[in-house]
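Written out below as structure tokens is the structure these notes cover.
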Amino acid sequence: MGTSQDARRAARTQFEREALQHLDALYGFALKLSRARDDAEDLVSDTLLRAFERWEQYRLGTNIRAWLFTILYHVFVSRKRRIDAREVQPHDDGDGWSAHEAIGDADPERTFYDSFLDEEITRAIAALPVEYRAAVVLSDVQGLRYAEIAQVLHVPEGTVKSRLFRGRRILQRKLAGYAVEMGYLKLAPTAA
């Protein structure tokens with residue numbers, strides 16, 4: 001009996017070690033999805049809580065990063081659906097003040113990413129529809145493969161490729177002028 005308990009304890013320790021290595025990546029993905037530091041922290045906390053509650057469902061040594069991203073994405077979608085379902089439009093109660101007002105930094109994601117990602121690029125990524133943004137961030141920021149992204153988002157690989165293509169196209173259009181301005185691209189000389 002002691003041997004199975006020891007083996008279970010060792011497996012749990014290995015799981016924790018593997019999972020905690022991906023905290024920064026989880027936070028980065030959560031921040032891109034939620035666009036708010038507090039929400040991202042909550043998403044990561046909820047993700048880890050669910051992962052630790054279900055740790056025995058994970059096969060040690062397989063792709064824990066994709067497994068954790070899958071949990072995080074599902075927590076995000078569930079939370080978004082709940083919020084969308086009870087979202088109330090702000091109303092004016094006669095004194096000129098809205099029932100809902102912004103508090104604190106209106107764009108905490110920009111503040112966080114300014115140190116290593118240009119503001120213009122961050123804005124363009126944040127403006128993408130959520131399904132394109134998730135695919136682009138998982139692929140181009142987190143480096144996941146199509147199959148891993150498909151697993152995280154619970155869509156076919158073809159859908160992942162389509163979302164990446166469309167998301168990148170939107171970014172390309174939005175950032176073309178910026179790329180020329182920054183010297184990443186040169187305008188083709190026009191024939192006189």
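Starting from 1 in every chain, residues are counted up; chains themselves are A, B, ... following the order of the structure tokens, and ligands are numbered from 1 as listed.
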Can you tell me, as a VMD selection string, which residues in segment 13-182 of chain A count as alpha helix (DSSP H) by DSSP?
chain A and resid 13 to 20 23 to 34 37 to 53 64 to 86 108 to 113 119 to 127 130 to 136 146 to 153 157 to 181
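Comparing A:Val130, A:Ile149, A:Val155, A:Val137 by their smallest distance to Leu68 of chain A, the closest is A:Ile149 (using only C-alpha atoms).
Here atom CA of Ala30 of chain A is placed at a distance of 8.1 Å from atom CA of Tyr73 of chain A.
Nearest to Leu153 of chain A of all the residues A:His74, A:Lys174, A:Arg169, A:Arg50 is A:His74, based on only C-alpha atoms.
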Write out as a ChimeraX atom specification the residues lying within 12 Å of Asp140 of chain A, counting only C-alpha atoms and excluding same-chain residues fewer than 4 positions away.
/A:29,125,132-136,144-146,149,164-165,167-168
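Candidate residues A:Ile83, A:Val141, A:Glu148, A:Ile170 were compared for distance to Asp24 of chain A, and the nearest is A:Val141, using only C-alpha atoms.
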